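Novice: Dropping the structure in here first, questions after.
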Amino acid sequence: MVQVSVKPESFEMVFYDVAVIGEVVTEVAERLGVDEAITLDIDENSPLGRSKILSYDPIGLWVDGGALENTQRPRNFGQARSRDTIGRLLLRILDRRSGRFDDAPTDDELDLSQFAAWDVHNVGRLERIGLGGQRKRRLYQFRNRHGFTDLADAAFEELWGSSELSWAEIERISVGCRT
Amino acid sequence: MRKIFPAEELARDSRFIRQTNEQRMGDPRGARIAGGNASGNLAKLTPDLPNGPDRARALMHGIFVGEIQALEGAGRTCWDFELGDEVPLALKLDMARQCWDEARHCEISVSLAEHMGTELGEYAENALLYEAACNPDPVLRLTGVNRALEGLAIDVFNTMKEFGNMAGDPVLEFCEDWMLADEVTHVKMGSDWLRRLTENDKDRLDKALEFQKVVDRLFSFNGFRGEDDDSPIQLTRRFRELAGFSDEEIDEIADMSRDARFEATA
C-alpha cells in the first residue's frame, strides 16, 4: 500500500486539497508499481514548474506549486500536469534503482540536454500506460536542447518509443544528435 | 449592430477559459508572465533557462490570444465611430488594414503553437487588451491600444525573435520577425493619428497620453519588461523609435518598469 505524505497540510496561496493530491500521487505510484511511502513537499509560493527528488530511499519529492497547477485555471490543481510531474520523478527513481543507470550522473550533475533526453524517455513511457503525454511539448523541449534538425527528431522518436533504455543508451542517442 | 461591444461577450469556444483582471492581479504569488513569476527571480527569456522552452510556449499562447483581441479591437474601431464627426475615413482604412494584419497574425500564432507543442486554450485568457480597445474616445483607444499595447508587442516579438535565433529555431525566428514588422507599422499608425487628431486640442492629447501611461503601467507586471539584463522582456528602443516614440517617452517606460520592479521587491 502506497503511503503518501503531503506538506504543507493546507494551502493559502493556491486552491489545492491535500487529499486530492494524495489520491493522484497514489494513483501514479500504483500504476508504476511503486509500493512504499512517498513524501511530497510543495512550495505553494511558486507558480513555476520545477521539481526534484530530495531522497531516493525513502522516496522524497519536492515541487513548485506550479508543477501541479491547471494552466487554464491558475491557482487550481491540475490532475494531468500532476500525473506528468510525479510520474517523471518516480520513473527516474525506478530507473536509478534498476541497475541500468548506475553510471548516470547525479541529478545535480545532469545538464539540460541530458535532462531533456531522459524526460522524453520517461514521458513516452508514461503516455503508453495512460499517464499523460504532451508529445509535441516534449518534442519542442528536446529540439531546444538538441537542435531543430531531422537527426534530433529521429533521436526523439527513438527515446519516446523505447521501453526501457539504459543510461548509456540515452546518452548515446542524446550526444549523437546534438548540433 | 451595437457600438462598444463588452469584453464579457466576446465569442470564444469551450477551449478558452477567461481569467479576470481581478483574478490575475489578485494572485498572491505575483502576476504571471511568460510562464514565470513576475515578482521574483526575474531572468531574460532565453533557451538556456531550465524552463525557457515552456516559458516561450506560455508567452506564445499569450501572443495568440492577444492577436485575437487586437483583431476584435481594430474591427470595433472600424465600426464604433461615425465617419466625419468622430474619425476620418483614412483612420478606418488603417484599422481595416490592421484587421488583415491581426487575422494573419492569428493564423501564424496558431501554426507556431502547433510547432511549439501548445494546445489552443492551454493557458488562461485575460481580456485586458480588448478592454483597452473599448475606450469611447477614438484617440484614447488608439493611444492605449496602438501605442501602449502594440508597443509592448514590439518588445515581446523582438524577445521571441531573439529566443528563436538563440535556439536555432528558424520557424520561430522568422515568424516573429515578420509579425514584428507589422507591429512597428501599427504603433506608427497610433503615433500618427494621435498627432493628427489632437493637433489643436492639447487637453485631448494630454488625456490620451495619460491613458497610454495607465495601460503601460497595467502591463508593466512588476517590471517584467525593461532594459535591465535580467528583464524577461527587453524594451526595444530602435523599433520604438521607428514607430514614432521619442527618446523621452522610451525613457519614461523604462523608468516606469524600474519603479514597478522596485515596488514589487521592496
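Residues in the C-alpha cells are numbered from 1 in each chain, the chains being A, B, ... in the order shown, and ligands are numbered from 1 in the order shown.
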Contacts between chain A and chain B, please, where a residue of chain B counts if it comes within 9 Å (with only C-alpha atoms); show its shortest atom pair and distance in Å to one decimal, rows by chain and ascending number, as CSV.
Specialist:
residue,atom,partner,partner_atom,distance
B:Phe16,CA,A:Gln72,CA,8.0
B:Ile17,CA,A:Gln72,CA,6.2
B:Arg18,CA,A:Gln72,CA,8.3
B:Gln19,CA,A:Arg73,CA,7.5
B:Gln23,CA,A:Pro74,CA,8.6
B:Arg24,CA,A:Pro74,CA,8.4
B:Asp27,CA,A:Arg75,CA,7.7
B:Pro28,CA,A:Met13,CA,6.1
B:Arg29,CA,A:Asn45,CA,5.6
B:Gly30,CA,A:Pro47,CA,8.5
B:Arg32,CA,A:Pro47,CA,8.1
B:Gly35,CA,A:Leu48,CA,7.1
B:Gly36,CA,A:Leu48,CA,5.8
B:Asn37,CA,A:Pro47,CA,6.2
B:Pro47,CA,A:Asn144,CA,6.7
B:Asp48,CA,A:Leu112,CA,8.2
B:Leu49,CA,A:Leu112,CA,8.9
B:Pro50,CA,A:Leu112,CA,6.7
B:Asn51,CA,A:Gly49,CA,7.7
B:Gly52,CA,A:Gln141,CA,8.8
B:Pro53,CA,A:Gln141,CA,5.8
B:Asp54,CA,A:Gln141,CA,7.6
B:Arg57,CA,A:Arg137,CA,8.6
B:Glu114,CA,A:Lys136,CA,7.9
B:His115,CA,A:Tyr140,CA,7.4
B:Met116,CA,A:Tyr140,CA,5.4
B:Gly117,CA,A:Arg137,CA,4.0
B:Thr118,CA,A:Arg137,CA,6.5
B:Gly121,CA,A:Gln72,CA,7.1
B:Glu122,CA,A:Gln72,CA,5.7
B:Tyr123,CA,A:Gln72,CA,4.4
B:Ala124,CA,A:Gln72,CA,4.3
B:Glu125,CA,A:Gln72,CA,8.0
B:Ala167,CA,A:Asn144,CA,5.6
B:Gly168,CA,A:Phe148,CA,6.6
B:Asp169,CA,A:Phe148,CA,6.0
B:Pro170,CA,A:Phe148,CA,8.4
Novice: Compile the contact shell of Arg100 in chain A as a VMD selection string: residues with an atom at most 12 Å away, counting only C-alpha atoms, same-chain residues fewer than 5 positions apart removed.
Specialist: chain A and resid 92 to 95 164 to 170
Novice: Using C-alpha atoms, can you write the selected residues to a file as a tab-separated table (two decimals), in the first residue's frame?
Specialist:
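What ended up in again-v3.tsv:
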chain	number	residue	atom	x	y	z
A	92	ARG	CA	13.62	8.46	-12.63
A	93	ILE	CA	13.77	6.80	-9.21
A	94	LEU	CA	12.81	3.43	-10.69
A	95	ASP	CA	15.40	3.84	-13.45
A	164	GLU	CA	13.47	0.52	-21.08
A	165	LEU	CA	16.68	2.17	-22.17
A	166	SER	CA	19.84	2.25	-20.09
A	167	TRP	CA	21.63	5.49	-19.24
A	168	ALA	CA	24.38	4.62	-21.72
A	169	GLU	CA	21.78	4.28	-24.49
A	170	ILE	CA	20.05	7.57	-23.59
Novice: Determine which residues of range 23-179 of chain A receive a DSSP assignment of strand (DSSP E or B), computed from the backbone, and state them as a ChimeraX atom specification.
Specialist: /A:37-43,51-55,59-64,69,76-77
Novice: Quick one: DSSP alpha helix (DSSP H) residues in range 122-221 of chain B, as a PyMOL selection string?
Specialist: chain B and resi 128-132+138-142+150-167+170-197+202-218
Novice: Restricting the calculation to only C-alpha atoms, which member of A:Asp84, A:Asp150, A:Glu171, A:Glu23 is positioned closest to Val6 in chain A?
Specialist: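 Looking only at the distances to Val6 in chain A, the closest residue turns out to be A:Glu23.
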Novice: So, with only C-alpha atoms as the atoms that count, which of B:Val215, B:Met25, B:Leu235, B:Leu120 lies closest to Asp13 in chain B?
Specialist: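 Result for the nearest residue to Asp13 in chain B: B:Leu120.
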Novice: Residues at most 12 Å from Ser111 in chain B, counting only C-alpha atoms, excluding those fewer than 2 positions away in the same chain, as a PyMOL selection string?
Specialist: chain B and resi 60-61+64+104-109+113-120+171-172+175-176
Novice: Grab the residues selected above and save them as a PDB file, in the first residue's frame with N, CA and C atoms.
Specialist:
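Listing of part.pdb after writing:
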ATOM      1  N   MET B  60       3.948  32.532 -26.061  1.00  0.00           N
ATOM      2  CA  MET B  60       3.378  32.444 -27.413  1.00  0.00           C
ATOM      3  C   MET B  60       1.859  32.316 -27.352  1.00  0.00           C
ATOM      4  N   HIS B  61       1.361  31.602 -26.352  1.00  0.00           N
ATOM      5  CA  HIS B  61      -0.092  31.496 -26.217  1.00  0.00           C
ATOM      6  C   HIS B  61      -0.690  32.851 -25.848  1.00  0.00           C
ATOM      7  N   PHE B  64      -0.933  34.782 -28.933  1.00  0.00           N
ATOM      8  CA  PHE B  64      -2.052  34.292 -29.753  1.00  0.00           C
ATOM      9  C   PHE B  64      -3.379  34.923 -29.322  1.00  0.00           C
ATOM     10  N   ARG B 104      -3.942  37.643 -39.957  1.00  0.00           N
ATOM     11  CA  ARG B 104      -2.785  36.851 -40.411  1.00  0.00           C
ATOM     12  C   ARG B 104      -1.931  36.429 -39.217  1.00  0.00           C
ATOM     13  N   HIS B 105      -1.781  37.341 -38.248  1.00  0.00           N
ATOM     14  CA  HIS B 105      -1.006  37.005 -37.046  1.00  0.00           C
ATOM     15  C   HIS B 105      -1.673  35.876 -36.261  1.00  0.00           C
ATOM     16  N   CYS B 106      -3.004  35.878 -36.227  1.00  0.00           N
ATOM     17  CA  CYS B 106      -3.711  34.786 -35.538  1.00  0.00           C
ATOM     18  C   CYS B 106      -3.349  33.455 -36.191  1.00  0.00           C
ATOM     19  N   GLU B 107      -3.368  33.419 -37.515  1.00  0.00           N
ATOM     20  CA  GLU B 107      -3.063  32.166 -38.205  1.00  0.00           C
ATOM     21  C   GLU B 107      -1.604  31.757 -37.980  1.00  0.00           C
ATOM     22  N   ILE B 108      -0.714  32.739 -38.007  1.00  0.00           N
ATOM     23  CA  ILE B 108       0.706  32.432 -37.748  1.00  0.00           C
ATOM     24  C   ILE B 108       0.866  31.912 -36.325  1.00  0.00           C
ATOM     25  N   SER B 109       0.161  32.537 -35.384  1.00  0.00           N
ATOM     26  CA  SER B 109       0.277  32.131 -33.975  1.00  0.00           C
ATOM     27  C   SER B 109      -0.264  30.719 -33.755  1.00  0.00           C
ATOM     28  N   ALA B 113       1.946  27.775 -32.308  1.00  0.00           N
ATOM     29  CA  ALA B 113       1.525  26.986 -31.148  1.00  0.00           C
ATOM     30  C   ALA B 113       1.694  25.498 -31.460  1.00  0.00           C
ATOM     31  N   GLU B 114       1.270  25.117 -32.638  1.00  0.00           N
ATOM     32  CA  GLU B 114       1.419  23.720 -33.074  1.00  0.00           C
ATOM     33  C   GLU B 114       2.907  23.337 -33.106  1.00  0.00           C
ATOM     34  N   HIS B 115       3.704  24.219 -33.645  1.00  0.00           N
ATOM     35  CA  HIS B 115       5.159  23.998 -33.747  1.00  0.00           C
ATOM     36  C   HIS B 115       5.792  23.827 -32.367  1.00  0.00           C
ATOM     37  N   MET B 116       5.263  24.565 -31.367  1.00  0.00           N
ATOM     38  CA  MET B 116       5.872  24.547 -30.032  1.00  0.00           C
ATOM     39  C   MET B 116       5.183  23.550 -29.095  1.00  0.00           C
ATOM     40  N   GLY B 117       4.206  22.832 -29.612  1.00  0.00           N
ATOM     41  CA  GLY B 117       3.543  21.809 -28.804  1.00  0.00           C
ATOM     42  C   GLY B 117       2.540  22.362 -27.812  1.00  0.00           C
ATOM     43  N   THR B 118       1.897  23.454 -28.184  1.00  0.00           N
ATOM     44  CA  THR B 118       0.908  24.067 -27.292  1.00  0.00           C
ATOM     45  C   THR B 118      -0.490  23.881 -27.865  1.00  0.00           C
ATOM     46  N   GLU B 119      -1.432  23.513 -26.997  1.00  0.00           N
ATOM     47  CA  GLU B 119      -2.811  23.396 -27.448  1.00  0.00           C
ATOM     48  C   GLU B 119      -3.501  24.745 -27.306  1.00  0.00           C
ATOM     49  N   LEU B 120      -4.393  25.065 -28.233  1.00  0.00           N
ATOM     50  CA  LEU B 120      -5.141  26.319 -28.124  1.00  0.00           C
ATOM     51  C   LEU B 120      -6.010  26.259 -26.872  1.00  0.00           C
ATOM     52  N   VAL B 171      11.940  28.725 -37.716  1.00  0.00           N
ATOM     53  CA  VAL B 171      10.496  28.931 -37.864  1.00  0.00           C
ATOM     54  C   VAL B 171      10.030  30.033 -36.916  1.00  0.00           C
ATOM     55  N   LEU B 172      10.417  29.909 -35.651  1.00  0.00           N
ATOM     56  CA  LEU B 172      10.020  30.926 -34.662  1.00  0.00           C
ATOM     57  C   LEU B 172      10.671  32.271 -34.994  1.00  0.00           C
ATOM     58  N   CYS B 175       9.029  33.931 -38.208  1.00  0.00           N
ATOM     59  CA  CYS B 175       7.621  34.302 -37.983  1.00  0.00           C
ATOM     60  C   CYS B 175       7.537  35.540 -37.095  1.00  0.00           C
ATOM     61  N   GLU B 176       8.349  35.561 -36.029  1.00  0.00           N
ATOM     62  CA  GLU B 176       8.319  36.711 -35.120  1.00  0.00           C
ATOM     63  C   GLU B 176       8.820  37.966 -35.825  1.00  0.00           C
TER      64      GLU B 176
END
Novice: If we count only C-alpha atoms and set the cut-off at 12 Å, which residues sit around range 30-37 of chain A, ignoring sequence neighbours fewer than 6 positions away in its own chain? Please answer as an NGL selection string.
Specialist: :A and (1-6 or 22-24 or 55-61 or 83 or 86-95 or 97 or 122 or 125-131)
Novice: For the selection just defined, write its residues with C-alpha atoms to a file, as a compact mmCIF listing (two decimals), in the first residue's frame.
Specialist:
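The result, stored in part_33.txt:
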# COMPACT_ATOMS: atom_id res chain seq x y z
CA MET A 1 0.00 0.00 0.00
CA VAL A 2 1.38 3.39 -1.02
CA GLN A 3 1.51 5.88 1.84
CA VAL A 4 1.64 9.50 0.72
CA SER A 5 2.56 12.35 2.99
CA VAL A 6 2.00 15.86 1.60
CA GLY A 22 -2.55 12.25 -2.22
CA GLU A 23 -5.01 10.38 -4.44
CA VAL A 24 -3.20 11.42 -7.62
CA SER A 55 15.60 11.43 -1.45
CA TYR A 56 15.66 8.13 -3.36
CA ASP A 57 15.17 5.86 -0.37
CA PRO A 58 12.82 6.62 1.27
CA ILE A 59 11.17 8.49 -1.60
CA GLY A 60 11.11 12.24 -1.02
CA LEU A 61 9.91 14.60 -3.75
CA ARG A 83 0.45 12.99 -13.12
CA ILE A 86 5.00 12.90 -10.30
CA GLY A 87 5.28 10.23 -12.98
CA ARG A 88 8.55 11.63 -14.34
CA LEU A 89 10.08 11.80 -10.86
CA LEU A 90 9.02 8.29 -9.90
CA LEU A 91 10.24 6.84 -13.20
CA ARG A 92 13.62 8.46 -12.63
CA ILE A 93 13.77 6.80 -9.21
CA LEU A 94 12.81 3.43 -10.69
CA ASP A 95 15.40 3.84 -13.45
CA ARG A 97 17.18 1.58 -8.87
CA ASN A 122 10.02 8.94 -19.24
CA ARG A 125 6.58 5.51 -21.23
CA LEU A 126 4.00 7.39 -19.14
CA GLU A 127 1.88 8.04 -22.21
CA ARG A 128 1.79 4.36 -23.08
CA ILE A 129 0.32 3.49 -19.69
CA GLY A 130 -2.20 6.33 -19.91
CA LEU A 131 -0.49 8.79 -17.58
Novice: Between B:Ala11, B:Asp192, B:Leu197, B:Glu131, which is the closest to Glu86 in chain B once you count only C-alpha atoms?
Specialist: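 Comparing B:Ala11, B:Asp192, B:Leu197, B:Glu131 against Glu86 in chain B, the winner is B:Leu197.
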Novice: Any idea what's packed within 6 Å of Trp62 in chain A, counting only C-alpha atoms, ignoring anything in its chain fewer than 6 positions away? Could you give it as a VMD selection string?
Specialist: chain A and resid 40 to 42 51 to 52
